[in-house]
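Trainee: Have a look at this one before I ask anything.
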Amino acid sequence: MKKVLVTGGAGFIGSSFVLMLRKNRKYGVVNLDCLNYASNLMNLESLEGDPHYHFIKGGIEDAAVVRSVLERHRPAGVVNFAAETHVDRSIDSPDGFIRTNVMGTFQLLEETRLYLEKLPAAERDEFRFLHVSTDEVYGTLGPGDPAFTEKTRFAPNSPYAASKAASDHLVRAYHHTYGFPVLTTNCSNNYGPMQFPEKLIPLMVLNAMEGKALPVYGDGSNIRDWLYVEDHCEAIELVLEKGRVGETYNIGGRCERANLDIVTAICNCLDEILPGSPFRPHRSLIEFVKDRPGHDWRYAIDCSKIEAELGWRPRETLETGLLKTVKWYLNNRKWVESIKSGEYKQWIERQYGARV
Ligand code: TYD
């Protein structure tokens, strides 16, 4: 069975991808994850005892670890999810974003390039390095602007977005200079089960369930394009198998919504699922708080390239995806409790204490 090295496979999107690959039984998986605050091995408990799944603790910026994993497991491809991803954290302390997203991607590229040089030509020809990135590299849109295409000029606005843009450039340069077999995907905002509750949707679901304030930045008019995580993972697998080397593919949910509409939809969902909740109507918990500095107003992805070339379409609508997500958080209290200790508590106090 072909093996894929998945980096950051204990994070939100990475673990969904690992679970999908193992469910389909087409690929073995080697998961390299540094186990930072947003990683969670509980996500992967169902793989215990799976002989085609291996976990290794380590960061992509650690060249020696990357080298030994590549040499020992001899994967047929790398899918790079490992990244710091939260904009507010990148505003609070950008250095970790440069370390992981820029230096880490560089080390991973460089070690993989050296590994490839030693492979027989047939294996080298089939090898792929897929880099998972974000629509935030393209900057922000106004109300009438066309959605981001793969040709939109990079204009990253946050330290997070700039670090991902830098990594995308490195990936591109490795293809141009060394003929390294890369693929890049730029996705819109993901949501779904197992997302760390610093991001909008899980934060609002958990706060609303517990009757806590729902902190909407600014006036809540900022727009994001929402993509259900399993739809995203299917798109990545398709790009890995059928994408053209050196190309970028934008992946979006064709689902633009204002933040206030998302939060209201979550509240309505909870009102329906929890008719006995003392916090109904949950929308009364909404509070408008101080805006994020440099807050991008709108993101929208034009995903016509992946649709036309690879036949991909998102399966979930926001309504079906949100319902699945809310139910998952309601039914997985053990997971929720496991992350609500030390680091998460401190972040929430630091981030929202000064805002409200
Ligand atoms: P987020 O989930 O942090 O993703 P990103 O900033 O990468 O798009 O935020 C999504 C949107 O929700 C963004 O416009 C900021 C807003 N937001 C809030 O209004 N309140 C919050 O508590 C959070 C975390 C985000």
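The way I read the labels, and the way they are meant: chains A, B, ... in the order of the structure tokens, residue 1 as the first residue of every chain, and ligand 1 as the first ligand shown, with later ones counted on from there.
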Can you build me a table of chain A residues sitting at most 9 Å from ligand 1, with the closest atom pair per residue and its distance in Å to one decimal, using only C-alpha atoms and all ligand atoms, sorted by chain and residue number, as a tab-separated table?

Mentor:
residue	atom	partner	partner_atom_place_in_ligand_line	distance
A:Thr85	CA	ligand 1	7 (O)	7.4
A:His86	CA	ligand 1	3 (O)	5.9
A:Val87	CA	ligand 1	6 (O)	5.4
A:Asp88	CA	ligand 1	3 (O)	6.6
A:Thr134	CA	ligand 1	7 (O)	8.7
A:Glu136	CA	ligand 1	7 (O)	7.3
A:Tyr160	CA	ligand 1	7 (O)	8.7
A:Ala161	CA	ligand 1	7 (O)	8.7
A:Ser188	CA	ligand 1	8 (O)	8.2
A:Asn189	CA	ligand 1	8 (O)	6.0
A:Asn190	CA	ligand 1	2 (O)	8.4
A:Tyr191	CA	ligand 1	2 (O)	8.7
A:Pro197	CA	ligand 1	24 (C)	8.2
A:Glu198	CA	ligand 1	24 (C)	5.5
A:Lys199	CA	ligand 1	2 (O)	3.5
A:Leu200	CA	ligand 1	2 (O)	3.8
A:Ile201	CA	ligand 1	2 (O)	6.6
A:Pro202	CA	ligand 1	2 (O)	8.5
A:Leu203	CA	ligand 1	24 (C)	6.6
A:Met204	CA	ligand 1	22 (O)	7.3
A:Leu214	CA	ligand 1	22 (O)	7.2
A:Pro215	CA	ligand 1	22 (O)	5.0
A:Val216	CA	ligand 1	19 (O)	3.7
A:Tyr217	CA	ligand 1	19 (O)	3.8
A:Gly218	CA	ligand 1	19 (O)	7.1
A:Asp219	CA	ligand 1	19 (O)	8.4
A:Gly220	CA	ligand 1	19 (O)	6.1
A:Ser221	CA	ligand 1	14 (O)	8.2
A:Asn222	CA	ligand 1	14 (O)	5.2
A:Ile223	CA	ligand 1	14 (O)	6.5
A:Arg224	CA	ligand 1	8 (O)	6.3
A:Asp225	CA	ligand 1	8 (O)	8.7
A:Ala258	CA	ligand 1	14 (O)	8.2
A:Asn259	CA	ligand 1	12 (O)	5.6
A:Leu260	CA	ligand 1	19 (O)	7.7
A:Ile262	CA	ligand 1	12 (O)	8.9
A:Val263	CA	ligand 1	19 (O)	8.7
A:Phe288	CA	ligand 1	19 (O)	8.1
A:Val289	CA	ligand 1	19 (O)	8.0
A:Asp291	CA	ligand 1	19 (O)	7.7
A:Arg292	CA	ligand 1	15 (C)	7.2
A:His295	CA	ligand 1	14 (O)	6.8
A:Asp296	CA	ligand 1	14 (O)	6.9
A:Trp297	CA	ligand 1	14 (O)	7.0
A:Arg298	CA	ligand 1	14 (O)	7.9
A:Tyr299	CA	ligand 1	8 (O)	7.9
A:Gln351	CA	ligand 1	22 (O)	8.8
A:Tyr352	CA	ligand 1	22 (O)	7.9

Trainee: Against stretch 40-53 of chain A, which residues of stretch 144-195 of chain A fall within 12 Å? For each one I want the closest pair of atoms and the distance in Å (one decimal), counting only C-alpha atoms, rows by chain and increasing residue number, as a Markdown table.

Mentor:
| residue | atom | partner | partner_atom | distance |
| --- | --- | --- | --- | --- |
| A:Pro193 | CA | A:Asn43 | CA | 9.4 |
| A:Met194 | CA | A:Asn43 | CA | 6.9 |
| A:Gln195 | CA | A:Asn40 | CA | 9.8 |

Trainee: Taking only stretch 76-290 of chain A into account, list the residues labelled strand (DSSP E) by DSSP (computed from the backbone), as JSON, numbers by chain.

Mentor: {"A": [77, 78, 79, 80, 128, 129, 130, 131, 132, 133, 134, 182, 183, 184, 185, 186, 187, 189, 190, 191, 214, 215, 216, 217, 223, 224, 225, 226, 227, 228, 248, 249, 250, 251, 256, 257, 258, 286, 287, 288, 289]}

Trainee: Grab the residues selected above and save them as a PDB file, in the first residue's frame with C-alpha atoms.

Mentor:
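Result file is selection00.pdb:
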ATOM      1  CA  GLY A  77       3.861  11.803  -1.290  1.00  0.00           C
ATOM      2  CA  VAL A  78       3.722  14.555   1.349  1.00  0.00           C
ATOM      3  CA  VAL A  79       0.638  16.565   2.291  1.00  0.00           C
ATOM      4  CA  ASN A  80       1.608  19.573   4.381  1.00  0.00           C
ATOM      5  CA  ARG A 128       3.860  14.606  -5.111  1.00  0.00           C
ATOM      6  CA  PHE A 129       4.270  17.353  -2.499  1.00  0.00           C
ATOM      7  CA  LEU A 130       0.911  18.956  -1.762  1.00  0.00           C
ATOM      8  CA  HIS A 131       0.979  22.197   0.217  1.00  0.00           C
ATOM      9  CA  VAL A 132      -2.264  23.200   1.933  1.00  0.00           C
ATOM     10  CA  SER A 133      -2.739  26.956   2.113  1.00  0.00           C
ATOM     11  CA  THR A 134      -5.393  29.594   2.589  1.00  0.00           C
ATOM     12  CA  VAL A 182       4.443  20.443  -6.058  1.00  0.00           C
ATOM     13  CA  LEU A 183       0.728  21.112  -5.875  1.00  0.00           C
ATOM     14  CA  THR A 184      -0.763  23.993  -3.877  1.00  0.00           C
ATOM     15  CA  THR A 185      -4.321  24.359  -2.616  1.00  0.00           C
ATOM     16  CA  ASN A 186      -5.762  27.609  -1.241  1.00  0.00           C
ATOM     17  CA  CYS A 187      -8.944  27.048   0.702  1.00  0.00           C
ATOM     18  CA  ASN A 189     -12.723  29.090   5.927  1.00  0.00           C
ATOM     19  CA  ASN A 190     -13.159  25.493   7.076  1.00  0.00           C
ATOM     20  CA  TYR A 191     -15.609  24.319   9.705  1.00  0.00           C
ATOM     21  CA  LEU A 214     -21.043  35.508  21.798  1.00  0.00           C
ATOM     22  CA  PRO A 215     -18.325  38.063  20.915  1.00  0.00           C
ATOM     23  CA  VAL A 216     -18.927  39.373  17.374  1.00  0.00           C
ATOM     24  CA  TYR A 217     -16.069  41.608  16.169  1.00  0.00           C
ATOM     25  CA  ILE A 223     -17.913  37.983   5.033  1.00  0.00           C
ATOM     26  CA  ARG A 224     -16.260  34.573   4.831  1.00  0.00           C
ATOM     27  CA  ASP A 225     -16.781  31.699   2.378  1.00  0.00           C
ATOM     28  CA  TRP A 226     -17.541  28.561   4.432  1.00  0.00           C
ATOM     29  CA  LEU A 227     -16.270  25.108   3.457  1.00  0.00           C
ATOM     30  CA  TYR A 228     -17.185  21.896   5.295  1.00  0.00           C
ATOM     31  CA  THR A 248      -2.542  25.885  -7.679  1.00  0.00           C
ATOM     32  CA  TYR A 249      -6.174  24.983  -6.997  1.00  0.00           C
ATOM     33  CA  ASN A 250      -8.572  27.208  -5.071  1.00  0.00           C
ATOM     34  CA  ILE A 251     -11.079  25.323  -2.904  1.00  0.00           C
ATOM     35  CA  GLU A 256     -20.467  33.462   1.432  1.00  0.00           C
ATOM     36  CA  ARG A 257     -22.045  34.616   4.671  1.00  0.00           C
ATOM     37  CA  ALA A 258     -21.652  37.603   6.998  1.00  0.00           C
ATOM     38  CA  ILE A 286     -24.678  38.069  21.012  1.00  0.00           C
ATOM     39  CA  GLU A 287     -22.357  40.944  22.012  1.00  0.00           C
ATOM     40  CA  PHE A 288     -20.607  43.288  19.621  1.00  0.00           C
ATOM     41  CA  VAL A 289     -16.988  43.734  20.722  1.00  0.00           C
TER      42      VAL A 289
END

Trainee: Quick one: of A:Ala173, A:Val4, A:Ala300, A:Ala208, who's nearest to A:Arg254, counting only C-alpha atoms?

Mentor: A:Ala300

Trainee: Out of A:Arg244, A:Arg74, A:Arg67, A:Lys151, which residue has the shortest atom-to-atom distance to A:Val30 when counting only C-alpha atoms?

Mentor: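 Using only C-alpha atoms, the shortest distance to A:Val30 belongs to A:Arg74.
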